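See below for query.txt, which holds compact mmCIF, N, CA and C atoms and all ligand atoms.
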# COMPACT_ATOMS: atom_id res chain seq x y z
N MET A 1 -9.58 -132.86 2.42
CA MET A 1 -9.72 -132.19 1.14
C MET A 1 -11.19 -132.19 0.72
N LYS A 2 -11.68 -131.01 0.40
CA LYS A 2 -13.09 -130.89 0.01
C LYS A 2 -13.18 -130.92 -1.51
N LEU A 3 -13.93 -131.90 -2.04
CA LEU A 3 -14.08 -132.01 -3.49
C LEU A 3 -15.31 -131.24 -3.94
N LYS A 4 -15.23 -130.71 -5.16
CA LYS A 4 -16.42 -130.14 -5.78
C LYS A 4 -17.39 -131.27 -6.09
N THR A 5 -18.67 -130.95 -6.16
CA THR A 5 -19.68 -131.97 -6.45
C THR A 5 -19.37 -132.71 -7.74
N SER A 6 -18.92 -131.97 -8.78
CA SER A 6 -18.64 -132.60 -10.07
C SER A 6 -17.46 -133.57 -9.95
N GLU A 7 -16.45 -133.21 -9.14
CA GLU A 7 -15.30 -134.10 -8.94
C GLU A 7 -15.72 -135.33 -8.15
N LEU A 8 -16.51 -135.12 -7.10
CA LEU A 8 -16.99 -136.23 -6.29
C LEU A 8 -17.81 -137.19 -7.14
N SER A 9 -18.68 -136.62 -7.98
CA SER A 9 -19.51 -137.44 -8.86
C SER A 9 -18.65 -138.26 -9.83
N GLY A 10 -17.64 -137.64 -10.41
CA GLY A 10 -16.73 -138.36 -11.32
C GLY A 10 -16.03 -139.49 -10.60
N ASN A 11 -15.54 -139.21 -9.40
CA ASN A 11 -14.85 -140.24 -8.61
C ASN A 11 -15.78 -141.40 -8.26
N LEU A 12 -17.01 -141.08 -7.89
CA LEU A 12 -17.94 -142.14 -7.47
C LEU A 12 -18.39 -142.98 -8.65
N ASN A 13 -18.50 -142.38 -9.84
CA ASN A 13 -18.85 -143.17 -11.02
C ASN A 13 -17.70 -144.11 -11.40
N LEU A 14 -16.46 -143.64 -11.24
CA LEU A 14 -15.30 -144.51 -11.46
C LEU A 14 -15.26 -145.61 -10.40
N ALA A 15 -15.53 -145.23 -9.15
CA ALA A 15 -15.53 -146.21 -8.06
C ALA A 15 -16.61 -147.27 -8.28
N TYR A 16 -17.76 -146.88 -8.82
CA TYR A 16 -18.82 -147.87 -9.11
C TYR A 16 -18.28 -148.93 -10.05
N TRP A 17 -17.61 -148.48 -11.10
CA TRP A 17 -17.06 -149.41 -12.10
C TRP A 17 -16.03 -150.34 -11.46
N LEU A 18 -15.11 -149.77 -10.67
CA LEU A 18 -14.06 -150.56 -10.03
C LEU A 18 -14.63 -151.54 -9.01
N LEU A 19 -15.54 -151.05 -8.18
CA LEU A 19 -16.11 -151.90 -7.12
C LEU A 19 -17.00 -152.99 -7.72
N ASN A 20 -17.63 -152.69 -8.83
CA ASN A 20 -18.42 -153.72 -9.52
C ASN A 20 -17.50 -154.88 -9.92
N LYS A 21 -16.34 -154.56 -10.47
CA LYS A 21 -15.38 -155.59 -10.88
C LYS A 21 -14.82 -156.35 -9.69
N THR A 22 -14.49 -155.62 -8.61
CA THR A 22 -13.75 -156.25 -7.52
C THR A 22 -14.65 -156.89 -6.46
N LEU A 23 -15.85 -156.35 -6.25
CA LEU A 23 -16.71 -156.87 -5.17
C LEU A 23 -17.94 -157.62 -5.68
N PHE A 24 -18.34 -157.38 -6.93
CA PHE A 24 -19.60 -157.96 -7.43
C PHE A 24 -19.40 -158.76 -8.72
N GLU A 25 -18.17 -159.22 -8.96
CA GLU A 25 -17.84 -160.04 -10.13
C GLU A 25 -18.30 -159.38 -11.44
N GLY A 26 -18.40 -158.06 -11.45
CA GLY A 26 -18.81 -157.35 -12.66
C GLY A 26 -20.25 -157.60 -13.07
N ARG A 27 -21.07 -158.11 -12.12
CA ARG A 27 -22.44 -158.52 -12.48
C ARG A 27 -23.46 -157.38 -12.42
N LEU A 28 -23.09 -156.27 -11.79
CA LEU A 28 -24.07 -155.19 -11.68
C LEU A 28 -24.24 -154.48 -13.02
N PRO A 29 -25.47 -154.09 -13.35
CA PRO A 29 -25.67 -153.33 -14.59
C PRO A 29 -25.07 -151.93 -14.44
N ASP A 30 -24.76 -151.30 -15.57
CA ASP A 30 -24.31 -149.91 -15.52
C ASP A 30 -25.37 -149.08 -14.82
N CYS A 31 -24.93 -148.19 -13.97
CA CYS A 31 -25.87 -147.38 -13.20
C CYS A 31 -25.19 -146.07 -12.85
N LYS A 32 -25.82 -144.97 -13.22
CA LYS A 32 -25.23 -143.66 -12.96
C LYS A 32 -25.28 -143.34 -11.48
N VAL A 33 -24.20 -142.76 -10.97
CA VAL A 33 -24.16 -142.31 -9.58
C VAL A 33 -24.28 -140.80 -9.57
N LYS A 34 -25.31 -140.29 -8.92
CA LYS A 34 -25.52 -138.85 -8.81
C LYS A 34 -25.19 -138.40 -7.40
N VAL A 35 -24.67 -137.19 -7.30
CA VAL A 35 -24.38 -136.62 -5.98
C VAL A 35 -25.40 -135.51 -5.72
N ALA A 36 -26.00 -135.56 -4.56
CA ALA A 36 -26.97 -134.54 -4.19
C ALA A 36 -26.87 -134.30 -2.69
N ASN A 37 -27.39 -133.19 -2.26
CA ASN A 37 -27.44 -132.93 -0.83
C ASN A 37 -28.75 -133.50 -0.28
N LEU A 38 -28.65 -134.66 0.37
CA LEU A 38 -29.86 -135.32 0.87
C LEU A 38 -30.10 -135.00 2.34
N SER A 39 -29.34 -134.07 2.87
CA SER A 39 -29.41 -133.85 4.32
C SER A 39 -30.80 -133.52 4.87
N PRO A 40 -31.70 -132.84 4.09
CA PRO A 40 -33.03 -132.59 4.69
C PRO A 40 -33.75 -133.89 5.05
N GLU A 41 -33.53 -134.95 4.24
CA GLU A 41 -34.16 -136.24 4.54
C GLU A 41 -33.31 -137.06 5.52
N GLY A 42 -32.11 -136.59 5.79
CA GLY A 42 -31.23 -137.32 6.69
C GLY A 42 -30.68 -138.60 6.11
N LEU A 43 -30.71 -138.73 4.78
CA LEU A 43 -30.22 -139.94 4.14
C LEU A 43 -28.79 -139.74 3.63
N ASP A 44 -28.01 -140.84 3.65
CA ASP A 44 -26.67 -140.81 3.06
C ASP A 44 -26.71 -141.23 1.60
N GLY A 45 -27.71 -142.03 1.24
CA GLY A 45 -27.76 -142.51 -0.13
C GLY A 45 -29.09 -143.15 -0.44
N ALA A 46 -29.33 -143.40 -1.73
CA ALA A 46 -30.58 -144.05 -2.14
C ALA A 46 -30.37 -144.77 -3.46
N PHE A 47 -31.15 -145.83 -3.65
CA PHE A 47 -31.13 -146.60 -4.90
C PHE A 47 -32.50 -146.43 -5.54
N ILE A 48 -32.51 -145.81 -6.72
CA ILE A 48 -33.77 -145.54 -7.42
C ILE A 48 -33.90 -146.54 -8.57
N TYR A 49 -35.00 -147.29 -8.59
CA TYR A 49 -35.18 -148.30 -9.64
C TYR A 49 -36.63 -148.32 -10.10
N ASP A 50 -36.82 -148.91 -11.29
CA ASP A 50 -38.15 -149.07 -11.85
C ASP A 50 -38.73 -150.37 -11.31
N GLU A 51 -39.79 -150.24 -10.53
CA GLU A 51 -40.34 -151.40 -9.84
C GLU A 51 -40.98 -152.40 -10.81
N THR A 52 -41.58 -151.91 -11.89
CA THR A 52 -42.27 -152.84 -12.81
C THR A 52 -41.28 -153.61 -13.68
N THR A 53 -40.22 -152.95 -14.16
CA THR A 53 -39.25 -153.65 -15.02
C THR A 53 -38.07 -154.20 -14.21
N ASN A 54 -38.01 -153.87 -12.92
CA ASN A 54 -36.91 -154.29 -12.04
C ASN A 54 -35.55 -153.91 -12.63
N THR A 55 -35.46 -152.68 -13.12
CA THR A 55 -34.17 -152.19 -13.63
C THR A 55 -33.75 -150.95 -12.86
N PRO A 56 -32.43 -150.81 -12.65
CA PRO A 56 -31.96 -149.65 -11.90
C PRO A 56 -32.08 -148.36 -12.71
N LYS A 57 -32.36 -147.27 -12.04
CA LYS A 57 -32.35 -145.96 -12.70
C LYS A 57 -31.06 -145.23 -12.36
N TYR A 58 -30.81 -145.01 -11.09
CA TYR A 58 -29.57 -144.37 -10.67
C TYR A 58 -29.41 -144.50 -9.16
N LEU A 59 -28.18 -144.23 -8.71
CA LEU A 59 -27.90 -144.17 -7.27
C LEU A 59 -27.70 -142.71 -6.91
N ILE A 60 -28.11 -142.36 -5.74
CA ILE A 60 -27.83 -141.01 -5.22
C ILE A 60 -26.97 -141.16 -3.98
N ILE A 61 -25.87 -140.44 -3.96
CA ILE A 61 -25.02 -140.40 -2.77
C ILE A 61 -25.04 -138.97 -2.26
N SER A 62 -25.32 -138.81 -0.98
CA SER A 62 -25.38 -137.47 -0.43
C SER A 62 -23.98 -136.87 -0.31
N SER A 63 -23.86 -135.63 -0.76
CA SER A 63 -22.58 -134.94 -0.58
C SER A 63 -22.22 -134.83 0.90
N LYS A 64 -23.25 -134.94 1.77
CA LYS A 64 -23.03 -134.82 3.22
C LYS A 64 -22.75 -136.17 3.91
N ALA A 65 -22.74 -137.26 3.14
CA ALA A 65 -22.48 -138.58 3.74
C ALA A 65 -21.13 -138.57 4.44
N SER A 66 -21.04 -139.23 5.60
CA SER A 66 -19.78 -139.19 6.35
C SER A 66 -18.70 -140.02 5.65
N ASP A 67 -19.10 -141.07 4.91
CA ASP A 67 -18.14 -141.90 4.18
C ASP A 67 -18.76 -142.25 2.82
N HIS A 68 -18.29 -141.60 1.78
CA HIS A 68 -18.92 -141.78 0.46
C HIS A 68 -18.74 -143.19 -0.09
N ILE A 69 -17.58 -143.80 0.17
CA ILE A 69 -17.34 -145.15 -0.37
C ILE A 69 -18.20 -146.18 0.36
N LYS A 70 -18.28 -146.08 1.68
CA LYS A 70 -19.15 -146.99 2.43
C LYS A 70 -20.59 -146.87 1.94
N THR A 71 -21.03 -145.64 1.72
CA THR A 71 -22.40 -145.41 1.26
C THR A 71 -22.60 -145.98 -0.14
N LEU A 72 -21.59 -145.80 -1.01
CA LEU A 72 -21.69 -146.34 -2.37
C LEU A 72 -21.80 -147.86 -2.33
N VAL A 73 -20.95 -148.52 -1.54
CA VAL A 73 -20.99 -149.99 -1.45
C VAL A 73 -22.35 -150.44 -0.91
N HIS A 74 -22.87 -149.71 0.07
CA HIS A 74 -24.20 -150.02 0.62
C HIS A 74 -25.25 -149.99 -0.49
N GLU A 75 -25.26 -148.92 -1.28
CA GLU A 75 -26.28 -148.79 -2.34
C GLU A 75 -26.05 -149.81 -3.45
N MET A 76 -24.79 -150.11 -3.76
CA MET A 76 -24.48 -151.14 -4.77
C MET A 76 -24.96 -152.51 -4.30
N THR A 77 -24.86 -152.75 -2.99
CA THR A 77 -25.34 -154.01 -2.45
C THR A 77 -26.86 -154.11 -2.60
N HIS A 78 -27.56 -152.96 -2.49
CA HIS A 78 -29.01 -152.96 -2.79
C HIS A 78 -29.26 -153.36 -4.25
N VAL A 79 -28.44 -152.84 -5.18
CA VAL A 79 -28.60 -153.20 -6.59
C VAL A 79 -28.42 -154.71 -6.76
N TYR A 80 -27.37 -155.24 -6.16
CA TYR A 80 -27.07 -156.68 -6.28
C TYR A 80 -28.19 -157.52 -5.67
N HIS A 81 -28.62 -157.13 -4.48
CA HIS A 81 -29.64 -157.89 -3.72
C HIS A 81 -30.97 -157.88 -4.45
N ARG A 82 -31.34 -156.74 -4.97
CA ARG A 82 -32.66 -156.58 -5.60
C ARG A 82 -32.67 -157.03 -7.07
N ILE A 83 -31.71 -156.52 -7.85
CA ILE A 83 -31.75 -156.73 -9.30
C ILE A 83 -31.13 -158.09 -9.69
N ILE A 84 -29.99 -158.41 -9.11
CA ILE A 84 -29.30 -159.65 -9.51
C ILE A 84 -29.86 -160.86 -8.76
N LEU A 85 -30.01 -160.73 -7.44
CA LEU A 85 -30.51 -161.88 -6.66
C LEU A 85 -32.03 -161.94 -6.64
N GLY A 86 -32.69 -160.82 -6.95
CA GLY A 86 -34.13 -160.83 -7.09
C GLY A 86 -34.94 -160.77 -5.80
N TYR A 87 -34.30 -160.39 -4.69
CA TYR A 87 -35.05 -160.25 -3.44
C TYR A 87 -36.00 -159.05 -3.53
N LYS A 88 -37.23 -159.24 -3.13
CA LYS A 88 -38.20 -158.14 -3.17
C LYS A 88 -38.80 -157.93 -1.78
N ASP A 89 -37.92 -157.84 -0.79
CA ASP A 89 -38.37 -157.72 0.59
C ASP A 89 -39.07 -156.41 0.84
N LYS A 90 -40.00 -156.45 1.75
CA LYS A 90 -40.67 -155.22 2.17
C LYS A 90 -39.80 -154.44 3.15
N VAL A 91 -38.97 -155.15 3.91
CA VAL A 91 -38.05 -154.43 4.79
C VAL A 91 -36.78 -154.11 4.00
N ASP A 92 -36.17 -152.97 4.31
CA ASP A 92 -35.02 -152.50 3.54
C ASP A 92 -33.77 -153.35 3.74
N HIS A 93 -33.55 -153.80 4.96
CA HIS A 93 -32.30 -154.48 5.26
C HIS A 93 -32.53 -155.83 5.94
N PRO A 94 -33.06 -156.82 5.18
CA PRO A 94 -33.24 -158.16 5.75
C PRO A 94 -31.88 -158.80 6.01
N PRO A 95 -31.84 -159.89 6.79
CA PRO A 95 -30.57 -160.53 7.12
C PRO A 95 -29.73 -160.90 5.89
N SER A 96 -30.38 -161.28 4.78
CA SER A 96 -29.64 -161.63 3.57
C SER A 96 -28.87 -160.41 3.03
N PHE A 97 -29.46 -159.22 3.16
CA PHE A 97 -28.78 -158.00 2.73
C PHE A 97 -27.60 -157.69 3.66
N VAL A 98 -27.85 -157.81 4.95
CA VAL A 98 -26.81 -157.47 5.94
C VAL A 98 -25.59 -158.39 5.77
N ARG A 99 -25.84 -159.69 5.51
CA ARG A 99 -24.72 -160.62 5.29
C ARG A 99 -23.89 -160.21 4.07
N LEU A 100 -24.57 -159.86 2.98
CA LEU A 100 -23.87 -159.43 1.76
C LEU A 100 -23.04 -158.18 2.01
N LEU A 101 -23.66 -157.21 2.68
CA LEU A 101 -22.97 -155.93 2.92
C LEU A 101 -21.74 -156.14 3.81
N ARG A 102 -21.92 -156.95 4.87
CA ARG A 102 -20.80 -157.18 5.80
C ARG A 102 -19.63 -157.83 5.05
N SER A 103 -19.91 -158.79 4.18
CA SER A 103 -18.81 -159.47 3.48
C SER A 103 -18.14 -158.53 2.47
N ARG A 104 -18.91 -157.65 1.82
CA ARG A 104 -18.29 -156.68 0.90
C ARG A 104 -17.43 -155.69 1.68
N TYR A 105 -17.92 -155.19 2.79
CA TYR A 105 -17.13 -154.27 3.62
C TYR A 105 -15.83 -154.95 4.07
N LYS A 106 -15.95 -156.22 4.47
CA LYS A 106 -14.78 -156.95 4.98
C LYS A 106 -13.69 -157.03 3.92
N LYS A 107 -14.09 -157.25 2.66
CA LYS A 107 -13.11 -157.31 1.57
C LYS A 107 -12.36 -155.99 1.41
N LEU A 108 -12.98 -154.89 1.83
CA LEU A 108 -12.35 -153.57 1.73
C LEU A 108 -11.70 -153.16 3.05
N GLY A 109 -11.73 -154.06 4.06
CA GLY A 109 -11.17 -153.73 5.36
C GLY A 109 -12.03 -152.78 6.16
N LEU A 110 -13.33 -152.73 5.84
CA LEU A 110 -14.26 -151.84 6.54
C LEU A 110 -15.14 -152.66 7.49
N THR A 111 -15.56 -152.05 8.58
CA THR A 111 -16.48 -152.76 9.49
C THR A 111 -17.89 -152.20 9.33
N LEU A 112 -18.85 -153.09 9.54
CA LEU A 112 -20.26 -152.70 9.44
C LEU A 112 -20.71 -152.15 10.80
N ASP A 113 -21.03 -150.88 10.83
CA ASP A 113 -21.52 -150.23 12.06
C ASP A 113 -23.04 -150.08 11.98
N PRO A 114 -23.71 -149.99 13.13
CA PRO A 114 -25.18 -149.85 13.10
C PRO A 114 -25.67 -148.71 12.21
N GLU A 115 -24.93 -147.58 12.20
CA GLU A 115 -25.39 -146.44 11.40
C GLU A 115 -25.24 -146.70 9.89
N ASP A 116 -24.50 -147.77 9.52
CA ASP A 116 -24.38 -148.12 8.11
C ASP A 116 -25.67 -148.73 7.58
N LEU A 117 -26.60 -149.03 8.45
CA LEU A 117 -27.86 -149.65 8.01
C LEU A 117 -29.04 -148.69 8.11
N GLU A 118 -28.74 -147.39 8.13
CA GLU A 118 -29.81 -146.41 8.26
C GLU A 118 -30.32 -145.88 6.92
N ASN A 119 -29.76 -146.38 5.79
CA ASN A 119 -30.23 -145.87 4.49
C ASN A 119 -30.87 -146.95 3.65
ZN ZN A 201 -30.06 -149.44 2.56
In structure tokens, what does this structure look like?
Ligand SMILES: [Zn+2]
Amino acid sequence: MKLKTSELSGNLNLAYWLLNKTLFEGRLPDCKVKVANLSPEGLDGAFIYDETTNTPKYLIISSKASDHIKTLVHEMTHVYHRIILGYKDKVDHPPSFVRLLRSRYKKLGLTLDPEDLEN
């Protein structure tokens, strides 16, 4: 079933709220999820934040992502790792991030594949 961008966006914003409660103990700040076509950059998703205040601005999930929920959990884990735990690594996916992501995926019955670490 192909969803319209507005429907996908509504679903992903609801999923953010639900996944925050179930996977992140409700600790993530409110954060808008936007849907965009990121295919020219080859990205499935991105986490945009203010570096000086260390506050989230929004998440972008590509309408072309192969799995929108996996991508959303990936970007939410960036929010948790950076904003809540305070990691400021220069590399995008240090071992501490990978451990967090794998355990969140496991709770949802999902497996972490190498391509899940490309965003
Ligand atoms: Zn990432």
Give me, as an mmCIF file with N, CA and C atoms, in the frame of the given file, the set of residues whose atoms come within 8 Å of any atom of ligand ZN 201 (chain A), counting only C-alpha atoms and all ligand atoms.
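Writing the result to pocket.cif gives the following:
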data_model
loop_
_atom_site.group_PDB
_atom_site.id
_atom_site.type_symbol
_atom_site.label_atom_id
_atom_site.label_comp_id
_atom_site.auth_asym_id
_atom_site.auth_seq_id
_atom_site.Cartn_x
_atom_site.Cartn_y
_atom_site.Cartn_z
ATOM 1 N N GLY A 45 -27.710 -142.030 1.240
ATOM 2 C CA GLY A 45 -27.760 -142.510 -0.130
ATOM 3 C C GLY A 45 -29.090 -143.150 -0.440
ATOM 4 N N ALA A 46 -29.330 -143.400 -1.730
ATOM 5 C CA ALA A 46 -30.580 -144.050 -2.140
ATOM 6 C C ALA A 46 -30.370 -144.770 -3.460
ATOM 7 N N HIS A 74 -22.870 -149.710 0.070
ATOM 8 C CA HIS A 74 -24.200 -150.020 0.620
ATOM 9 C C HIS A 74 -25.250 -149.990 -0.490
ATOM 10 N N GLU A 75 -25.260 -148.920 -1.280
ATOM 11 C CA GLU A 75 -26.280 -148.790 -2.340
ATOM 12 C C GLU A 75 -26.050 -149.810 -3.450
ATOM 13 N N HIS A 78 -27.560 -152.960 -2.490
ATOM 14 C CA HIS A 78 -29.010 -152.960 -2.790
ATOM 15 C C HIS A 78 -29.260 -153.360 -4.250
ATOM 16 N N ASP A 92 -36.170 -152.970 4.310
ATOM 17 C CA ASP A 92 -35.020 -152.500 3.540
ATOM 18 C C ASP A 92 -33.770 -153.350 3.740
ATOM 19 N N HIS A 93 -33.550 -153.800 4.960
ATOM 20 C CA HIS A 93 -32.300 -154.480 5.260
ATOM 21 C C HIS A 93 -32.530 -155.830 5.940
ATOM 22 N N LEU A 117 -26.600 -149.030 8.450
ATOM 23 C CA LEU A 117 -27.860 -149.650 8.010
ATOM 24 C C LEU A 117 -29.040 -148.690 8.110
ATOM 25 N N GLU A 118 -28.740 -147.390 8.130
ATOM 26 C CA GLU A 118 -29.810 -146.410 8.260
ATOM 27 C C GLU A 118 -30.320 -145.880 6.920
ATOM 28 N N ASN A 119 -29.760 -146.380 5.790
ATOM 29 C CA ASN A 119 -30.230 -145.870 4.490
ATOM 30 C C ASN A 119 -30.870 -146.950 3.650
#
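The nearest approach to Ile83 (chain A) among the residues A:Leu18, A:Leu28, A:Leu3, A:Leu108, with only N, CA and C atoms taken into account, belongs to A:Leu28.
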Next item on the list: Determine, counting only C-alpha atoms, every residue of protein, DNA or RNA that lies within 8 Å of (-20.2, -150.2, -9.1) in the file coordinates, then give the result as a PyMOL selection string.
Entry: chain A and resi 13-21+24+28+30-31+72-73+76
Please write the residues from the selection above to a file, keeping N, CA and C atoms, as a PDB file, in the coordinates of the input.
ATOM      1  N   ASN A  13     -18.500-142.380  -9.840  1.00  0.00           N
ATOM      2  CA  ASN A  13     -18.850-143.170 -11.020  1.00  0.00           C
ATOM      3  C   ASN A  13     -17.700-144.110 -11.400  1.00  0.00           C
ATOM      4  N   LEU A  14     -16.460-143.640 -11.240  1.00  0.00           N
ATOM      5  CA  LEU A  14     -15.300-144.510 -11.460  1.00  0.00           C
ATOM      6  C   LEU A  14     -15.260-145.610 -10.400  1.00  0.00           C
ATOM      7  N   ALA A  15     -15.530-145.230  -9.150  1.00  0.00           N
ATOM      8  CA  ALA A  15     -15.530-146.210  -8.060  1.00  0.00           C
ATOM      9  C   ALA A  15     -16.610-147.270  -8.280  1.00  0.00           C
ATOM     10  N   TYR A  16     -17.760-146.880  -8.820  1.00  0.00           N
ATOM     11  CA  TYR A  16     -18.820-147.870  -9.110  1.00  0.00           C
ATOM     12  C   TYR A  16     -18.280-148.930 -10.050  1.00  0.00           C
ATOM     13  N   TRP A  17     -17.610-148.480 -11.100  1.00  0.00           N
ATOM     14  CA  TRP A  17     -17.060-149.410 -12.100  1.00  0.00           C
ATOM     15  C   TRP A  17     -16.030-150.340 -11.460  1.00  0.00           C
ATOM     16  N   LEU A  18     -15.110-149.770 -10.670  1.00  0.00           N
ATOM     17  CA  LEU A  18     -14.060-150.560 -10.030  1.00  0.00           C
ATOM     18  C   LEU A  18     -14.630-151.540  -9.010  1.00  0.00           C
ATOM     19  N   LEU A  19     -15.540-151.050  -8.180  1.00  0.00           N
ATOM     20  CA  LEU A  19     -16.110-151.900  -7.120  1.00  0.00           C
ATOM     21  C   LEU A  19     -17.000-152.990  -7.720  1.00  0.00           C
ATOM     22  N   ASN A  20     -17.630-152.690  -8.830  1.00  0.00           N
ATOM     23  CA  ASN A  20     -18.420-153.720  -9.520  1.00  0.00           C
ATOM     24  C   ASN A  20     -17.500-154.880  -9.920  1.00  0.00           C
ATOM     25  N   LYS A  21     -16.340-154.560 -10.470  1.00  0.00           N
ATOM     26  CA  LYS A  21     -15.380-155.590 -10.880  1.00  0.00           C
ATOM     27  C   LYS A  21     -14.820-156.350  -9.690  1.00  0.00           C
ATOM     28  N   PHE A  24     -18.340-157.380  -6.930  1.00  0.00           N
ATOM     29  CA  PHE A  24     -19.600-157.960  -7.430  1.00  0.00           C
ATOM     30  C   PHE A  24     -19.400-158.760  -8.720  1.00  0.00           C
ATOM     31  N   LEU A  28     -23.090-156.270 -11.790  1.00  0.00           N
ATOM     32  CA  LEU A  28     -24.070-155.190 -11.680  1.00  0.00           C
ATOM     33  C   LEU A  28     -24.240-154.480 -13.020  1.00  0.00           C
ATOM     34  N   ASP A  30     -24.760-151.300 -15.570  1.00  0.00           N
ATOM     35  CA  ASP A  30     -24.310-149.910 -15.520  1.00  0.00           C
ATOM     36  C   ASP A  30     -25.370-149.080 -14.820  1.00  0.00           C
ATOM     37  N   CYS A  31     -24.930-148.190 -13.970  1.00  0.00           N
ATOM     38  CA  CYS A  31     -25.870-147.380 -13.200  1.00  0.00           C
ATOM     39  C   CYS A  31     -25.190-146.070 -12.850  1.00  0.00           C
ATOM     40  N   LEU A  72     -21.590-145.800  -1.010  1.00  0.00           N
ATOM     41  CA  LEU A  72     -21.690-146.340  -2.370  1.00  0.00           C
ATOM     42  C   LEU A  72     -21.800-147.860  -2.330  1.00  0.00           C
ATOM     43  N   VAL A  73     -20.950-148.520  -1.540  1.00  0.00           N
ATOM     44  CA  VAL A  73     -20.990-149.990  -1.450  1.00  0.00           C
ATOM     45  C   VAL A  73     -22.350-150.440  -0.910  1.00  0.00           C
ATOM     46  N   MET A  76     -24.790-150.110  -3.760  1.00  0.00           N
ATOM     47  CA  MET A  76     -24.480-151.140  -4.770  1.00  0.00           C
ATOM     48  C   MET A  76     -24.960-152.510  -4.300  1.00  0.00           C
TER      49      MET A  76
END
Check: Got a sec to tell me which of chain A DSSP assigns to helix (DSSP H, G or I), as a PyMOL selection string?
Finding: chain A and resi 5-23+39-41+68-84+95-107+114-117
Next item on the list: Find the distance between CA of Val98 (chain A) and CA of Pro29 (chain A) and write it in Å to one decimal.
Entry: 21.0 Å
Checklist line | All residues 9 Å or closer to Ser96 (chain A), only C-alpha atoms, same chain fewer than 5 positions away omitted, as a list in words | finding: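 In the requested format, the answer is His81, Tyr87 and Leu101 of chain A.
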Checklist line | Separation of CA of Thr111 (chain A) from CA of Tyr49 (chain A) in Å | finding: 27.1 Å
Next item on the list: Tell me, in Å to one decimal, how far CA of Asp44 (chain A) is from CA of Ser62 (chain A).
Entry: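 We find that CA of Asp44 (chain A) and CA of Ser62 (chain A) lie 5.0 Å from each other.
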Leu59 (chain A) environment, 6.5 Å, only N, CA and C atoms, sequence neighbours closer than 5 positions dropped, as a compact mmCIF listing (two decimals) with N, CA and C atoms, in the coordinates of the input:
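Final file, part_28.txt:
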# COMPACT_ATOMS: atom_id res chain seq x y z
N CYS A 31 -24.93 -148.19 -13.97
CA CYS A 31 -25.87 -147.38 -13.20
C CYS A 31 -25.19 -146.07 -12.85
N LYS A 32 -25.82 -144.97 -13.22
CA LYS A 32 -25.23 -143.66 -12.96
C LYS A 32 -25.28 -143.34 -11.48
N VAL A 33 -24.20 -142.76 -10.97
CA VAL A 33 -24.16 -142.31 -9.58
C VAL A 33 -24.28 -140.80 -9.57
N LYS A 34 -25.31 -140.29 -8.92
CA LYS A 34 -25.52 -138.85 -8.81
C LYS A 34 -25.19 -138.40 -7.40
N VAL A 35 -24.67 -137.19 -7.30
CA VAL A 35 -24.38 -136.62 -5.98
C VAL A 35 -25.40 -135.51 -5.72
N ALA A 46 -29.33 -143.40 -1.73
CA ALA A 46 -30.58 -144.05 -2.14
C ALA A 46 -30.37 -144.77 -3.46
N PHE A 47 -31.15 -145.83 -3.65
CA PHE A 47 -31.13 -146.60 -4.90
C PHE A 47 -32.50 -146.43 -5.54
N ILE A 48 -32.51 -145.81 -6.72
CA ILE A 48 -33.77 -145.54 -7.42
C ILE A 48 -33.90 -146.54 -8.57
Going by DSSP on the backbone, which bits of chain A are strand (DSSP E or B)? Write them as a compact mmCIF listing (two decimals) with N, CA and C atoms, keeping the file's coordinate frame, please.
# COMPACT_ATOMS: atom_id res chain seq x y z
N LYS A 32 -25.82 -144.97 -13.22
CA LYS A 32 -25.23 -143.66 -12.96
C LYS A 32 -25.28 -143.34 -11.48
N VAL A 33 -24.20 -142.76 -10.97
CA VAL A 33 -24.16 -142.31 -9.58
C VAL A 33 -24.28 -140.80 -9.57
N LYS A 34 -25.31 -140.29 -8.92
CA LYS A 34 -25.52 -138.85 -8.81
C LYS A 34 -25.19 -138.40 -7.40
N VAL A 35 -24.67 -137.19 -7.30
CA VAL A 35 -24.38 -136.62 -5.98
C VAL A 35 -25.40 -135.51 -5.72
N ALA A 36 -26.00 -135.56 -4.56
CA ALA A 36 -26.97 -134.54 -4.19
C ALA A 36 -26.87 -134.30 -2.69
N GLY A 45 -27.71 -142.03 1.24
CA GLY A 45 -27.76 -142.51 -0.13
C GLY A 45 -29.09 -143.15 -0.44
N ALA A 46 -29.33 -143.40 -1.73
CA ALA A 46 -30.58 -144.05 -2.14
C ALA A 46 -30.37 -144.77 -3.46
N PHE A 47 -31.15 -145.83 -3.65
CA PHE A 47 -31.13 -146.60 -4.90
C PHE A 47 -32.50 -146.43 -5.54
N ILE A 48 -32.51 -145.81 -6.72
CA ILE A 48 -33.77 -145.54 -7.42
C ILE A 48 -33.90 -146.54 -8.57
N TYR A 49 -35.00 -147.29 -8.59
CA TYR A 49 -35.18 -148.30 -9.64
C TYR A 49 -36.63 -148.32 -10.10
N ASP A 50 -36.82 -148.91 -11.29
CA ASP A 50 -38.15 -149.07 -11.85
C ASP A 50 -38.73 -150.37 -11.31
N THR A 55 -35.46 -152.68 -13.12
CA THR A 55 -34.17 -152.19 -13.63
C THR A 55 -33.75 -150.95 -12.86
N PRO A 56 -32.43 -150.81 -12.65
CA PRO A 56 -31.96 -149.65 -11.90
C PRO A 56 -32.08 -148.36 -12.71
N LYS A 57 -32.36 -147.27 -12.04
CA LYS A 57 -32.35 -145.96 -12.70
C LYS A 57 -31.06 -145.23 -12.36
N TYR A 58 -30.81 -145.01 -11.09
CA TYR A 58 -29.57 -144.37 -10.67
C TYR A 58 -29.41 -144.50 -9.16
N LEU A 59 -28.18 -144.23 -8.71
CA LEU A 59 -27.90 -144.17 -7.27
C LEU A 59 -27.70 -142.71 -6.91
N ILE A 60 -28.11 -142.36 -5.74
CA ILE A 60 -27.83 -141.01 -5.22
C ILE A 60 -26.97 -141.16 -3.98
N ILE A 61 -25.87 -140.44 -3.96
CA ILE A 61 -25.02 -140.40 -2.77
C ILE A 61 -25.04 -138.97 -2.26
N SER A 62 -25.32 -138.81 -0.98
CA SER A 62 -25.38 -137.47 -0.43
C SER A 62 -23.98 -136.87 -0.31
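Between Arg104 (chain A) and the residues A:Lys4, A:Lys70, A:Arg82, A:Lys88, the shortest atom-to-atom distance, using only C-alpha atoms, involves A:Lys70.
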